[in-house]
Structures are given as structure tokens and as C-alpha cells.
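Text of the file final.pdb, holding PDB, C-alpha atoms:
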MODEL        1
ATOM      1  CA  MET I   1       0.000   0.000   0.000  1.00  0.00           C
ATOM      2  CA  GLU I   2       2.943   2.301   0.463  1.00  0.00           C
ATOM      3  CA  GLY I   3       3.414   2.209  -3.285  1.00  0.00           C
ATOM      4  CA  LEU I   4       0.019   3.873  -3.571  1.00  0.00           C
ATOM      5  CA  GLY I   5       1.106   6.659  -1.261  1.00  0.00           C
ATOM      6  CA  LEU I   6      -1.553   5.963   1.367  1.00  0.00           C
ATOM      7  CA  ARG I   7       0.769   5.523   4.325  1.00  0.00           C
ATOM      8  CA  SER I   8       2.758   8.659   3.503  1.00  0.00           C
ATOM      9  CA  ARG I   9      -0.410  10.771   3.586  1.00  0.00           C
ATOM     10  CA  GLY I  10      -1.359   9.410   6.977  1.00  0.00           C
ATOM     11  CA  ILE I  11      -4.712   7.948   5.976  1.00  0.00           C
ATOM     12  CA  GLY I  12      -5.820   5.975   8.992  1.00  0.00           C
ATOM     13  CA  TRP I  13      -8.877   4.491  10.622  1.00  0.00           C
ATOM     14  CA  PRO I  14     -10.873   7.783  10.859  1.00  0.00           C
ATOM     15  CA  MET I  15     -10.499   8.367   7.133  1.00  0.00           C
ATOM     16  CA  ALA I  16     -11.366   4.759   6.326  1.00  0.00           C
ATOM     17  CA  ALA I  17     -14.479   5.037   8.504  1.00  0.00           C
ATOM     18  CA  ALA I  18     -15.520   8.243   6.738  1.00  0.00           C
ATOM     19  CA  VAL I  19     -15.047   6.642   3.319  1.00  0.00           C
ATOM     20  CA  LEU I  20     -17.007   3.590   4.428  1.00  0.00           C
ATOM     21  CA  THR I  21     -19.861   5.727   5.743  1.00  0.00           C
ATOM     22  CA  ALA I  22     -20.026   7.769   2.544  1.00  0.00           C
ATOM     23  CA  ALA I  23     -19.973   4.630   0.386  1.00  0.00           C
ATOM     24  CA  VAL I  24     -22.755   2.961   2.386  1.00  0.00           C
ATOM     25  CA  LEU I  25     -24.904   6.090   2.257  1.00  0.00           C
ATOM     26  CA  LEU I  26     -24.446   6.403  -1.484  1.00  0.00           C
ATOM     27  CA  VAL I  27     -25.389   2.785  -2.037  1.00  0.00           C
ATOM     28  CA  MET I  28     -28.424   2.943   0.214  1.00  0.00           C
ATOM     29  CA  LEU I  29     -29.878   6.213  -1.081  1.00  0.00           C
ATOM     30  CA  PRO I  30     -32.674   5.790  -3.588  1.00  0.00           C
ATOM     31  CA  GLN I  31     -31.618   6.653  -7.082  1.00  0.00           C
ATOM     32  CA  VAL I  32     -33.007   9.939  -8.304  1.00  0.00           C
ATOM     33  CA  SER I  33     -32.533  10.777 -11.909  1.00  0.00           C
ATOM     34  CA  SER I  34     -33.739  13.483 -14.170  1.00  0.00           C
ATOM     35  CA  ILE I  35     -34.127  13.242 -17.900  1.00  0.00           C
ATOM     36  CA  ARG I  36     -33.021  15.754 -20.507  1.00  0.00           C
ATOM     37  CA  TYR I  37     -35.476  15.756 -23.386  1.00  0.00           C
ATOM     38  CA  ILE I  38     -34.378  17.130 -26.749  1.00  0.00           C
ATOM     39  CA  VAL I  39     -37.547  18.875 -27.905  1.00  0.00           C
ATOM     40  CA  GLY I  40     -38.642  17.421 -31.231  1.00  0.00           C
ATOM     41  CA  SER I  41     -35.855  14.849 -31.208  1.00  0.00           C
ATOM     42  CA  ASN I  42     -35.882  12.498 -34.191  1.00  0.00           C
ATOM     43  CA  MET I  43     -38.355  14.877 -35.848  1.00  0.00           C
ATOM     44  CA  GLY I  44     -36.179  17.873 -36.695  1.00  0.00           C
ATOM     45  CA  GLY I  45     -35.809  19.675 -33.365  1.00  0.00           C
ATOM     46  CA  TRP I  46     -37.490  22.989 -32.538  1.00  0.00           C
ATOM     47  CA  ALA I  47     -38.470  23.676 -36.138  1.00  0.00           C
ATOM     48  CA  PRO I  48     -41.466  24.143 -38.441  1.00  0.00           C
ATOM     49  CA  ASN I  49     -43.285  21.095 -39.780  1.00  0.00           C
ATOM     50  CA  VAL I  50     -42.861  19.162 -36.531  1.00  0.00           C
ATOM     51  CA  ASN I  51     -45.927  18.040 -34.626  1.00  0.00           C
ATOM     52  CA  PHE I  52     -44.856  18.710 -31.043  1.00  0.00           C
ATOM     53  CA  THR I  53     -48.106  17.295 -29.656  1.00  0.00           C
ATOM     54  CA  ILE I  54     -47.191  13.924 -31.160  1.00  0.00           C
ATOM     55  CA  TRP I  55     -43.601  14.310 -29.930  1.00  0.00           C
ATOM     56  CA  ALA I  56     -44.784  14.905 -26.331  1.00  0.00           C
ATOM     57  CA  GLN I  57     -47.353  12.075 -26.364  1.00  0.00           C
ATOM     58  CA  GLY I  58     -46.471   9.164 -24.165  1.00  0.00           C
ATOM     59  CA  LYS I  59     -43.709  11.037 -22.378  1.00  0.00           C
ATOM     60  CA  HIS I  60     -43.948  11.673 -18.658  1.00  0.00           C
ATOM     61  CA  PHE I  61     -42.273  14.908 -17.640  1.00  0.00           C
ATOM     62  CA  TYR I  62     -41.328  15.072 -13.984  1.00  0.00           C
ATOM     63  CA  ASN I  63     -40.205  17.819 -11.666  1.00  0.00           C
ATOM     64  CA  GLY I  64     -36.422  17.998 -12.117  1.00  0.00           C
ATOM     65  CA  ASP I  65     -36.359  17.050 -15.806  1.00  0.00           C
ATOM     66  CA  TRP I  66     -34.911  19.351 -18.479  1.00  0.00           C
ATOM     67  CA  LEU I  67     -35.974  20.442 -21.940  1.00  0.00           C
ATOM     68  CA  TYR I  68     -33.250  21.042 -24.511  1.00  0.00           C
ATOM     69  CA  PHE I  69     -34.287  23.186 -27.476  1.00  0.00           C
ATOM     70  CA  VAL I  70     -32.113  22.952 -30.595  1.00  0.00           C
ATOM     71  CA  TYR I  71     -32.950  25.372 -33.435  1.00  0.00           C
ATOM     72  CA  ASP I  72     -31.684  27.870 -35.996  1.00  0.00           C
ATOM     73  CA  ARG I  73     -30.641  30.785 -33.811  1.00  0.00           C
ATOM     74  CA  ASN I  74     -31.051  33.285 -36.642  1.00  0.00           C
ATOM     75  CA  GLN I  75     -34.737  32.513 -37.120  1.00  0.00           C
ATOM     76  CA  MET I  76     -36.289  31.053 -33.966  1.00  0.00           C
ATOM     77  CA  ASN I  77     -36.542  31.610 -30.251  1.00  0.00           C
ATOM     78  CA  VAL I  78     -37.982  29.899 -27.162  1.00  0.00           C
ATOM     79  CA  LEU I  79     -40.615  31.783 -25.189  1.00  0.00           C
ATOM     80  CA  GLU I  80     -42.577  30.535 -22.217  1.00  0.00           C
ATOM     81  CA  VAL I  81     -46.099  31.992 -22.258  1.00  0.00           C
ATOM     82  CA  ASN I  82     -49.444  31.484 -20.544  1.00  0.00           C
ATOM     83  CA  LYS I  83     -52.182  29.272 -22.008  1.00  0.00           C
ATOM     84  CA  THR I  84     -54.060  32.165 -23.607  1.00  0.00           C
ATOM     85  CA  ASP I  85     -50.955  33.410 -25.428  1.00  0.00           C
ATOM     86  CA  PHE I  86     -50.082  29.810 -26.335  1.00  0.00           C
ATOM     87  CA  ASP I  87     -53.479  29.266 -27.940  1.00  0.00           C
ATOM     88  CA  SER I  88     -53.344  32.585 -29.841  1.00  0.00           C
ATOM     89  CA  CYS I  89     -49.572  32.481 -30.607  1.00  0.00           C
ATOM     90  CA  ASN I  90     -49.102  35.843 -28.901  1.00  0.00           C
ATOM     91  CA  SER I  91     -45.409  36.428 -28.159  1.00  0.00           C
ATOM     92  CA  ASP I  92     -45.767  40.033 -26.965  1.00  0.00           C
ATOM     93  CA  HIS I  93     -45.665  39.296 -23.210  1.00  0.00           C
ATOM     94  CA  PRO I  94     -43.710  36.093 -22.500  1.00  0.00           C
ATOM     95  CA  LEU I  95     -43.439  34.831 -18.949  1.00  0.00           C
ATOM     96  CA  GLN I  96     -39.825  33.920 -19.699  1.00  0.00           C
ATOM     97  CA  ASN I  97     -37.583  34.298 -22.723  1.00  0.00           C
ATOM     98  CA  TRP I  98     -35.338  31.221 -22.644  1.00  0.00           C
ATOM     99  CA  THR I  99     -33.458  32.251 -25.774  1.00  0.00           C
ATOM    100  CA  THR I 100     -29.721  32.529 -25.141  1.00  0.00           C
ATOM    101  CA  GLY I 101     -28.732  33.330 -28.703  1.00  0.00           C
ATOM    102  CA  ALA I 102     -26.851  30.116 -29.369  1.00  0.00           C
ATOM    103  CA  GLY I 103     -29.790  28.056 -30.621  1.00  0.00           C
ATOM    104  CA  ARG I 104     -29.179  25.575 -27.810  1.00  0.00           C
ATOM    105  CA  ASP I 105     -31.408  26.455 -24.872  1.00  0.00           C
ATOM    106  CA  VAL I 106     -31.933  24.418 -21.726  1.00  0.00           C
ATOM    107  CA  VAL I 107     -35.074  24.851 -19.643  1.00  0.00           C
ATOM    108  CA  PRO I 108     -35.313  23.281 -16.179  1.00  0.00           C
ATOM    109  CA  LEU I 109     -38.713  21.851 -15.365  1.00  0.00           C
ATOM    110  CA  ASN I 110     -38.583  22.622 -11.665  1.00  0.00           C
ATOM    111  CA  ILE I 111     -42.231  23.468 -10.951  1.00  0.00           C
ATOM    112  CA  THR I 112     -45.164  21.088 -11.145  1.00  0.00           C
ATOM    113  CA  LYS I 113     -47.426  22.779 -13.690  1.00  0.00           C
ATOM    114  CA  THR I 114     -48.145  22.900 -17.404  1.00  0.00           C
ATOM    115  CA  TYR I 115     -45.492  24.843 -19.297  1.00  0.00           C
ATOM    116  CA  TYR I 116     -46.396  26.514 -22.599  1.00  0.00           C
ATOM    117  CA  PHE I 117     -43.574  27.221 -25.064  1.00  0.00           C
ATOM    118  CA  ILE I 118     -43.817  28.985 -28.405  1.00  0.00           C
ATOM    119  CA  SER I 119     -41.441  30.349 -30.980  1.00  0.00           C
ATOM    120  CA  GLY I 120     -42.165  33.970 -31.804  1.00  0.00           C
ATOM    121  CA  LYS I 121     -41.330  35.643 -35.085  1.00  0.00           C
ATOM    122  CA  GLY I 122     -44.405  33.993 -36.669  1.00  0.00           C
ATOM    123  CA  PHE I 123     -43.208  30.383 -36.324  1.00  0.00           C
ATOM    124  CA  CYS I 124     -45.839  29.613 -33.690  1.00  0.00           C
ATOM    125  CA  TYR I 125     -48.507  29.951 -36.377  1.00  0.00           C
ATOM    126  CA  GLY I 126     -46.665  27.200 -38.251  1.00  0.00           C
ATOM    127  CA  GLY I 127     -46.946  24.891 -35.237  1.00  0.00           C
ATOM    128  CA  VAL I 128     -43.699  25.615 -33.398  1.00  0.00           C
ATOM    129  CA  LYS I 129     -45.233  25.395 -29.948  1.00  0.00           C
ATOM    130  CA  VAL I 130     -45.522  22.746 -27.275  1.00  0.00           C
ATOM    131  CA  ALA I 131     -47.376  22.289 -23.991  1.00  0.00           C
ATOM    132  CA  ILE I 132     -45.533  20.243 -21.377  1.00  0.00           C
ATOM    133  CA  HIS I 133     -47.355  18.954 -18.307  1.00  0.00           C
ATOM    134  CA  VAL I 134     -44.921  18.437 -15.421  1.00  0.00           C
ATOM    135  CA  GLU I 135     -45.823  16.294 -12.454  1.00  0.00           C
ATOM    136  CA  ASN I 136     -44.094  15.088  -9.322  1.00  0.00           C
ATOM    137  CA  LEU I 137     -42.283  11.773  -9.430  1.00  0.00           C
ATOM    138  CA  PRO I 138     -44.549   8.927  -8.425  1.00  0.00           C
ATOM    139  CA  PRO I 139     -43.687   7.260  -5.135  1.00  0.00           C
ATOM    140  CA  PRO I 140     -41.484   4.193  -5.405  1.00  0.00           C
ATOM    141  CA  PRO I 141     -43.386   0.931  -5.699  1.00  0.00           C
ATOM    142  CA  ALA I 142     -44.227  -0.655  -2.395  1.00  0.00           C
ATOM    143  CA  SER I 143     -42.046  -3.647  -1.714  1.00  0.00           C
ATOM    144  CA  LEU I 144     -43.655  -6.968  -1.102  1.00  0.00           C
ATOM    145  CA  PRO I 145     -44.206  -7.490   2.608  1.00  0.00           C
ATOM    146  CA  GLN I 146     -41.937 -10.075   4.147  1.00  0.00           C
ATOM    147  CA  LYS I 147     -43.391 -12.846   6.215  1.00  0.00           C
ATOM    148  CA  SER I 148     -42.973 -12.023   9.877  1.00  0.00           C
ATOM    149  CA  ASP I 149     -41.639 -15.517  10.566  1.00  0.00           C
ATOM    150  CA  SER I 150     -38.888 -15.285   7.921  1.00  0.00           C
ATOM    151  CA  PRO I 151     -36.629 -12.334   8.666  1.00  0.00           C
ATOM    152  CA  CYS I 152     -33.917 -11.404   6.212  1.00  0.00           C
ATOM    153  CA  LEU I 153     -31.281 -13.833   7.491  1.00  0.00           C
ATOM    154  CA  LEU I 154     -29.932 -15.273   4.279  1.00  0.00           C
ATOM    155  CA  LEU I 155     -28.113 -13.336   1.600  1.00  0.00           C
ATOM    156  CA  SER I 156     -30.326 -14.952  -1.012  1.00  0.00           C
ATOM    157  CA  THR I 157     -33.435 -13.352   0.541  1.00  0.00           C
ATOM    158  CA  CYS I 158     -31.832  -9.966   1.159  1.00  0.00           C
ATOM    159  CA  ARG I 159     -29.888  -9.649  -2.089  1.00  0.00           C
ATOM    160  CA  GLY I 160     -28.133  -6.254  -2.248  1.00  0.00           C
ATOM    161  CA  GLN I 161     -29.591  -5.026   1.048  1.00  0.00           C
ATOM    162  CA  VAL I 162     -26.884  -6.855   2.944  1.00  0.00           C
ATOM    163  CA  PHE I 163     -24.290  -7.891   0.407  1.00  0.00           C
ATOM    164  CA  ILE I 164     -23.227  -4.506  -0.979  1.00  0.00           C
ATOM    165  CA  PRO I 165     -22.872  -2.680   2.380  1.00  0.00           C
ATOM    166  CA  THR I 166     -21.059  -5.740   3.745  1.00  0.00           C
ATOM    167  CA  LEU I 167     -18.718  -5.692   0.770  1.00  0.00           C
ATOM    168  CA  PHE I 168     -17.879  -2.018   1.392  1.00  0.00           C
ATOM    169  CA  ALA I 169     -17.400  -2.652   5.109  1.00  0.00           C
ATOM    170  CA  ALA I 170     -15.048  -5.545   4.407  1.00  0.00           C
ATOM    171  CA  ALA I 171     -13.053  -3.461   1.926  1.00  0.00           C
ATOM    172  CA  ALA I 172     -12.717  -0.602   4.422  1.00  0.00           C
ATOM    173  CA  LEU I 173     -11.619  -2.950   7.189  1.00  0.00           C
ATOM    174  CA  TRP I 174      -9.087  -4.578   4.863  1.00  0.00           C
ATOM    175  CA  ASP I 175      -7.674  -1.145   3.934  1.00  0.00           C
ATOM    176  CA  ALA I 176      -7.475  -0.170   7.597  1.00  0.00           C
ATOM    177  CA  PHE I 177      -5.709  -3.460   8.405  1.00  0.00           C
ATOM    178  CA  ILE I 178      -3.203  -3.054   5.554  1.00  0.00           C
ATOM    179  CA  LEU I 179      -2.502   0.559   6.549  1.00  0.00           C
ATOM    180  CA  ARG I 180      -1.559  -0.484  10.081  1.00  0.00           C
ATOM    181  CA  LEU I 181       1.069  -2.944   8.806  1.00  0.00           C
TER
ENDMDL
END
Let's see the structure in the file written out as C-alpha cells.
Amino acid sequence: MEGLGLRSRGIGWPMAAAVLTAAVLLVMLPQVSSIRYIVGSNMGGWAPNVNFTIWAQGKHFYNGDWLYFVYDRNQMNVLEVNKTDFDSCNSDHPLQNWTTGAGRDVVPLNITKTYYFISGKGFCYGGVKVAIHVENLPPPPASLPQKSDSPCLLLSTCRGQVFIPTLFAAAALWDAFILRL
């Protein structure tokens, strides 16, 4: 282990315990992931002649997801508007102008609501608009109840609940043992 430089830096039991704790917490935390959707992907992006209603069908947008608008920066823009302005393609009073000028705009979906996006400059009348309904993540599925007379004693019944934390604990103890040599 000295070849790795661990002994010379004085990494001892407190550091090994901290690493073990962090590793166990990371393994045991539920996985939370957000999705970045490229608006109009596989259909031409944020552009005319794309049916954004069809693009959005079947997709579930959750709080924490992202929309990525890719378009011709010299012709289009990305405006968030209310439902009335969405329906009438009115770009005079946007709630938010997400246009950065690069033609690559990222919009965080961080509020549970229906977002309404249009492209001004007349493109909304050609169908360059999309409504995105954002909802909270559904709760994780309930696990099957275990029989009260069969606690999780065997690794085969516990699977990763015991094995992975035990593996990390064993690795940390091994490192601590090697460091003391």
C-alpha cells in the first residue's frame, strides 16, 4: 500500500471510517434521476413542420427534468407563455424568454405545472409550440411485505440489502488493516 502513497499521507482508521460511511450512504440512497429531453428529437428539433403534440405524447415529464431546445438561432426563439398566449400564438408578453442566442437552450422543469412554449417571429402559427405537463415523481413501488416468521437472514433473501454494504465494510476494514502494517 505504500506504493500507492496511502501511508505517507497518513490515511488511517478515521479516514477509512468516513469513506465507508459515505460509500454505504451512497449505495443505500434511492436513485433519483432526471431526464433531458431534446424537444422534437428524431423529428427535426425545434423547427417548423414538426408536430410537437405527437412528440410529447407518451412522455412523462417530472419535476427535475430538463428540456433542450435545438434550433436555428437566426430565425427562432424559445418563449414561455401562458395558455391564452399559447393558444393565440401571442409572443408580446412572454413569462420567460429562454433564448440565449446560441440556438441551444436548456429549460429546467422545476415546478409542477403545465409549461407553454412557443417560438415567436411567426413560427408559432406554423406549429412551433408545445405544452408540457410536469408532475411530481410517483412514489417508489411498495415492496412486497416479508413474512414475519422469515426475517432477512440469508443473503439470497436480502440480495443487495446486505451484500453490498457488507462488501464495502469488508473493503474498508481490509484497507485499515493493511494501513496499520
Find, counting all atoms listed in the file, the residue in I:Ala142, I:Leu79, I:Leu137, I:Leu67 that gets nearest to Leu109 of chain I.
I:Leu67
Selection dump of the PyMOL selection byres ((chain I and resi 100-102) around 12), as a CSV table (one decimal) with C-alpha atoms, in the frame of the given file:
chain,number,residue,atom,x,y,z
I,69,PHE,CA,-34.3,23.2,-27.5
I,70,VAL,CA,-32.1,23.0,-30.6
I,71,TYR,CA,-33.0,25.4,-33.4
I,72,ASP,CA,-31.7,27.9,-36.0
I,73,ARG,CA,-30.6,30.8,-33.8
I,74,ASN,CA,-31.1,33.3,-36.6
I,75,GLN,CA,-34.7,32.5,-37.1
I,76,MET,CA,-36.3,31.1,-34.0
I,77,ASN,CA,-36.5,31.6,-30.3
I,78,VAL,CA,-38.0,29.9,-27.2
I,79,LEU,CA,-40.6,31.8,-25.2
I,96,GLN,CA,-39.8,33.9,-19.7
I,97,ASN,CA,-37.6,34.3,-22.7
I,98,TRP,CA,-35.3,31.2,-22.6
I,99,THR,CA,-33.5,32.3,-25.8
I,103,GLY,CA,-29.8,28.1,-30.6
I,104,ARG,CA,-29.2,25.6,-27.8
I,105,ASP,CA,-31.4,26.5,-24.9
I,106,VAL,CA,-31.9,24.4,-21.7
I,107,VAL,CA,-35.1,24.9,-19.6
Quick check on the file I pasted: which residues fall under the PyMOL selection byres ((chain I and resi 115) around 6)? Write them as a PDB file with C-alpha atoms, in the coordinates of the input.
ATOM      1  CA  THR I 114     -48.145  22.900 -17.404  1.00  0.00           C
ATOM      2  CA  TYR I 116     -46.396  26.514 -22.599  1.00  0.00           C
ATOM      3  CA  ALA I 131     -47.376  22.289 -23.991  1.00  0.00           C
ATOM      4  CA  ILE I 132     -45.533  20.243 -21.377  1.00  0.00           C
TER       5      ILE I 132
END
Please expand the PyMOL selection byres ((chain I and resi 118) around 12) into the concrete residues it hits in this file, giving the result as a PyMOL selection string.
chain I and resi 39+46-48+52+69+76-99+115-117+119-132
Using Å and a single decimal, report how far atom CA of Asn49 of chain I sits from atom CA of Asn110 of chain I.
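Atom CA of Asn49 of chain I lies 28.5 Å from atom CA of Asn110 of chain I.
Straight-line separation from atom CA of Gly45 of chain I to atom CA of Asn136 of chain I: 25.8 Å.
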Find the distance between atom CA of Asn63 of chain I and atom CA of Tyr37 of chain I and write it in Å to one decimal.
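Value for the atom CA of Asn63 of chain I-atom CA of Tyr37 of chain I distance: 12.8 Å.
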For Trp66 of chain I, which residue out of I:Ser41, I:Ile35, I:Glu135, I:Lys113 is the nearest one, using all atoms listed in the file?
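Of I:Ser41, I:Ile35, I:Glu135, I:Lys113, the one nearest Trp66 of chain I is I:Ile35, counting all atoms listed in the file.
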With only C-alpha atoms counted, which protein, DNA or RNA residues have an atom no more than 6 Å from (-37.2, 14.7, -16.8) in the file frame? Please answer as a PyMOL selection string.
chain I and resi 34-36+61-62+64-66
Save segment 89-101 of chain I of the structure in the block above to a file, with all heavy atoms included, as a PDB file, in the first residue's frame.
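Result saved to decode31.pdb:
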ATOM      1  N   CYS I  89     -50.928  32.226 -30.084  1.00  0.00           N
ATOM      2  CA  CYS I  89     -49.572  32.481 -30.607  1.00  0.00           C
ATOM      3  C   CYS I  89     -49.139  33.927 -30.390  1.00  0.00           C
ATOM      4  O   CYS I  89     -48.476  34.532 -31.243  1.00  0.00           O
ATOM      5  CB  CYS I  89     -49.481  32.105 -32.088  1.00  0.00           C
ATOM      6  SG  CYS I  89     -49.467  30.327 -32.376  1.00  0.00           S
ATOM      7  N   ASN I  90     -49.474  34.469 -29.245  1.00  0.00           N
ATOM      8  CA  ASN I  90     -49.102  35.843 -28.901  1.00  0.00           C
ATOM      9  C   ASN I  90     -47.762  35.818 -28.164  1.00  0.00           C
ATOM     10  O   ASN I  90     -47.662  35.293 -27.061  1.00  0.00           O
ATOM     11  CB  ASN I  90     -50.182  36.484 -28.030  1.00  0.00           C
ATOM     12  CG  ASN I  90     -49.876  37.927 -27.692  1.00  0.00           C
ATOM     13  OD1 ASN I  90     -48.859  38.470 -28.101  1.00  0.00           O
ATOM     14  ND2 ASN I  90     -50.768  38.545 -26.945  1.00  0.00           N
ATOM     15  N   SER I  91     -46.747  36.414 -28.767  1.00  0.00           N
ATOM     16  CA  SER I  91     -45.409  36.428 -28.159  1.00  0.00           C
ATOM     17  C   SER I  91     -45.046  37.791 -27.575  1.00  0.00           C
ATOM     18  O   SER I  91     -43.890  38.025 -27.228  1.00  0.00           O
ATOM     19  CB  SER I  91     -44.363  36.014 -29.201  1.00  0.00           C
ATOM     20  OG  SER I  91     -44.348  36.936 -30.280  1.00  0.00           O
ATOM     21  N   ASP I  92     -46.044  38.671 -27.430  1.00  0.00           N
ATOM     22  CA  ASP I  92     -45.767  40.033 -26.965  1.00  0.00           C
ATOM     23  C   ASP I  92     -45.389  40.109 -25.485  1.00  0.00           C
ATOM     24  O   ASP I  92     -44.635  41.001 -25.090  1.00  0.00           O
ATOM     25  CB  ASP I  92     -46.978  40.936 -27.217  1.00  0.00           C
ATOM     26  CG  ASP I  92     -47.227  41.162 -28.699  1.00  0.00           C
ATOM     27  OD1 ASP I  92     -46.289  40.970 -29.497  1.00  0.00           O
ATOM     28  OD2 ASP I  92     -48.373  41.520 -29.054  1.00  0.00           O
ATOM     29  N   HIS I  93     -45.902  39.213 -24.659  1.00  0.00           N
ATOM     30  CA  HIS I  93     -45.665  39.296 -23.210  1.00  0.00           C
ATOM     31  C   HIS I  93     -45.274  37.926 -22.651  1.00  0.00           C
ATOM     32  O   HIS I  93     -46.035  37.321 -21.892  1.00  0.00           O
ATOM     33  CB  HIS I  93     -46.916  39.813 -22.494  1.00  0.00           C
ATOM     34  CG  HIS I  93     -47.414  41.102 -23.029  1.00  0.00           C
ATOM     35  ND1 HIS I  93     -46.759  42.297 -22.812  1.00  0.00           N
ATOM     36  CD2 HIS I  93     -48.484  41.396 -23.812  1.00  0.00           C
ATOM     37  CE1 HIS I  93     -47.421  43.265 -23.422  1.00  0.00           C
ATOM     38  NE2 HIS I  93     -48.470  42.741 -24.037  1.00  0.00           N
ATOM     39  N   PRO I  94     -44.097  37.423 -22.997  1.00  0.00           N
ATOM     40  CA  PRO I  94     -43.710  36.093 -22.500  1.00  0.00           C
ATOM     41  C   PRO I  94     -43.482  36.106 -20.987  1.00  0.00           C
ATOM     42  O   PRO I  94     -43.070  37.129 -20.422  1.00  0.00           O
ATOM     43  CB  PRO I  94     -42.409  35.797 -23.245  1.00  0.00           C
ATOM     44  CG  PRO I  94     -41.851  37.131 -23.593  1.00  0.00           C
ATOM     45  CD  PRO I  94     -43.041  38.037 -23.803  1.00  0.00           C
ATOM     46  N   LEU I  95     -43.758  34.991 -20.368  1.00  0.00           N
ATOM     47  CA  LEU I  95     -43.439  34.831 -18.949  1.00  0.00           C
ATOM     48  C   LEU I  95     -41.928  34.730 -18.765  1.00  0.00           C
ATOM     49  O   LEU I  95     -41.377  35.206 -17.785  1.00  0.00           O
ATOM     50  CB  LEU I  95     -44.103  33.565 -18.391  1.00  0.00           C
ATOM     51  CG  LEU I  95     -45.623  33.494 -18.468  1.00  0.00           C
ATOM     52  CD1 LEU I  95     -46.112  32.121 -18.022  1.00  0.00           C
ATOM     53  CD2 LEU I  95     -46.242  34.591 -17.629  1.00  0.00           C
ATOM     54  N   GLN I  96     -41.281  34.091 -19.729  1.00  0.00           N
ATOM     55  CA  GLN I  96     -39.825  33.920 -19.699  1.00  0.00           C
ATOM     56  C   GLN I  96     -39.313  33.764 -21.121  1.00  0.00           C
ATOM     57  O   GLN I  96     -39.888  33.019 -21.908  1.00  0.00           O
ATOM     58  CB  GLN I  96     -39.470  32.669 -18.885  1.00  0.00           C
ATOM     59  CG  GLN I  96     -37.999  32.340 -18.805  1.00  0.00           C
ATOM     60  CD  GLN I  96     -37.257  33.200 -17.819  1.00  0.00           C
ATOM     61  OE1 GLN I  96     -37.773  33.549 -16.776  1.00  0.00           O
ATOM     62  NE2 GLN I  96     -36.039  33.555 -18.147  1.00  0.00           N
ATOM     63  N   ASN I  97     -38.258  34.473 -21.437  1.00  0.00           N
ATOM     64  CA  ASN I  97     -37.583  34.298 -22.723  1.00  0.00           C
ATOM     65  C   ASN I  97     -36.357  33.423 -22.450  1.00  0.00           C
ATOM     66  O   ASN I  97     -35.394  33.864 -21.839  1.00  0.00           O
ATOM     67  CB  ASN I  97     -37.166  35.650 -23.296  1.00  0.00           C
ATOM     68  CG  ASN I  97     -36.528  35.529 -24.665  1.00  0.00           C
ATOM     69  OD1 ASN I  97     -36.163  34.449 -25.097  1.00  0.00           O
ATOM     70  ND2 ASN I  97     -36.390  36.647 -25.346  1.00  0.00           N
ATOM     71  N   TRP I  98     -36.411  32.177 -22.893  1.00  0.00           N
ATOM     72  CA  TRP I  98     -35.338  31.221 -22.644  1.00  0.00           C
ATOM     73  C   TRP I  98     -34.250  31.274 -23.707  1.00  0.00           C
ATOM     74  O   TRP I  98     -33.282  30.516 -23.646  1.00  0.00           O
ATOM     75  CB  TRP I  98     -35.899  29.804 -22.556  1.00  0.00           C
ATOM     76  CG  TRP I  98     -36.729  29.594 -21.326  1.00  0.00           C
ATOM     77  CD1 TRP I  98     -38.094  29.613 -21.245  1.00  0.00           C
ATOM     78  CD2 TRP I  98     -36.249  29.364 -20.000  1.00  0.00           C
ATOM     79  NE1 TRP I  98     -38.486  29.399 -19.948  1.00  0.00           N
ATOM     80  CE2 TRP I  98     -37.373  29.241 -19.159  1.00  0.00           C
ATOM     81  CE3 TRP I  98     -34.982  29.247 -19.443  1.00  0.00           C
ATOM     82  CZ2 TRP I  98     -37.268  29.007 -17.800  1.00  0.00           C
ATOM     83  CZ3 TRP I  98     -34.880  29.008 -18.091  1.00  0.00           C
ATOM     84  CH2 TRP I  98     -36.011  28.898 -17.279  1.00  0.00           C
ATOM     85  N   THR I  99     -34.402  32.160 -24.669  1.00  0.00           N
ATOM     86  CA  THR I  99     -33.458  32.251 -25.774  1.00  0.00           C
ATOM     87  C   THR I  99     -32.126  32.798 -25.285  1.00  0.00           C
ATOM     88  O   THR I  99     -32.072  33.876 -24.704  1.00  0.00           O
ATOM     89  CB  THR I  99     -34.028  33.160 -26.876  1.00  0.00           C
ATOM     90  OG1 THR I  99     -35.349  32.733 -27.180  1.00  0.00           O
ATOM     91  CG2 THR I  99     -33.162  33.136 -28.111  1.00  0.00           C
ATOM     92  N   THR I 100     -31.054  32.066 -25.541  1.00  0.00           N
ATOM     93  CA  THR I 100     -29.721  32.529 -25.141  1.00  0.00           C
ATOM     94  C   THR I 100     -28.939  33.079 -26.324  1.00  0.00           C
ATOM     95  O   THR I 100     -27.898  33.684 -26.136  1.00  0.00           O
ATOM     96  CB  THR I 100     -28.908  31.383 -24.510  1.00  0.00           C
ATOM     97  OG1 THR I 100     -28.768  30.342 -25.473  1.00  0.00           O
ATOM     98  CG2 THR I 100     -29.582  30.864 -23.256  1.00  0.00           C
ATOM     99  N   GLY I 101     -29.421  32.824 -27.519  1.00  0.00           N
ATOM    100  CA  GLY I 101     -28.732  33.330 -28.703  1.00  0.00           C
ATOM    101  C   GLY I 101     -27.879  32.295 -29.391  1.00  0.00           C
ATOM    102  O   GLY I 101     -27.376  32.519 -30.487  1.00  0.00           O
TER     103      GLY I 101
END
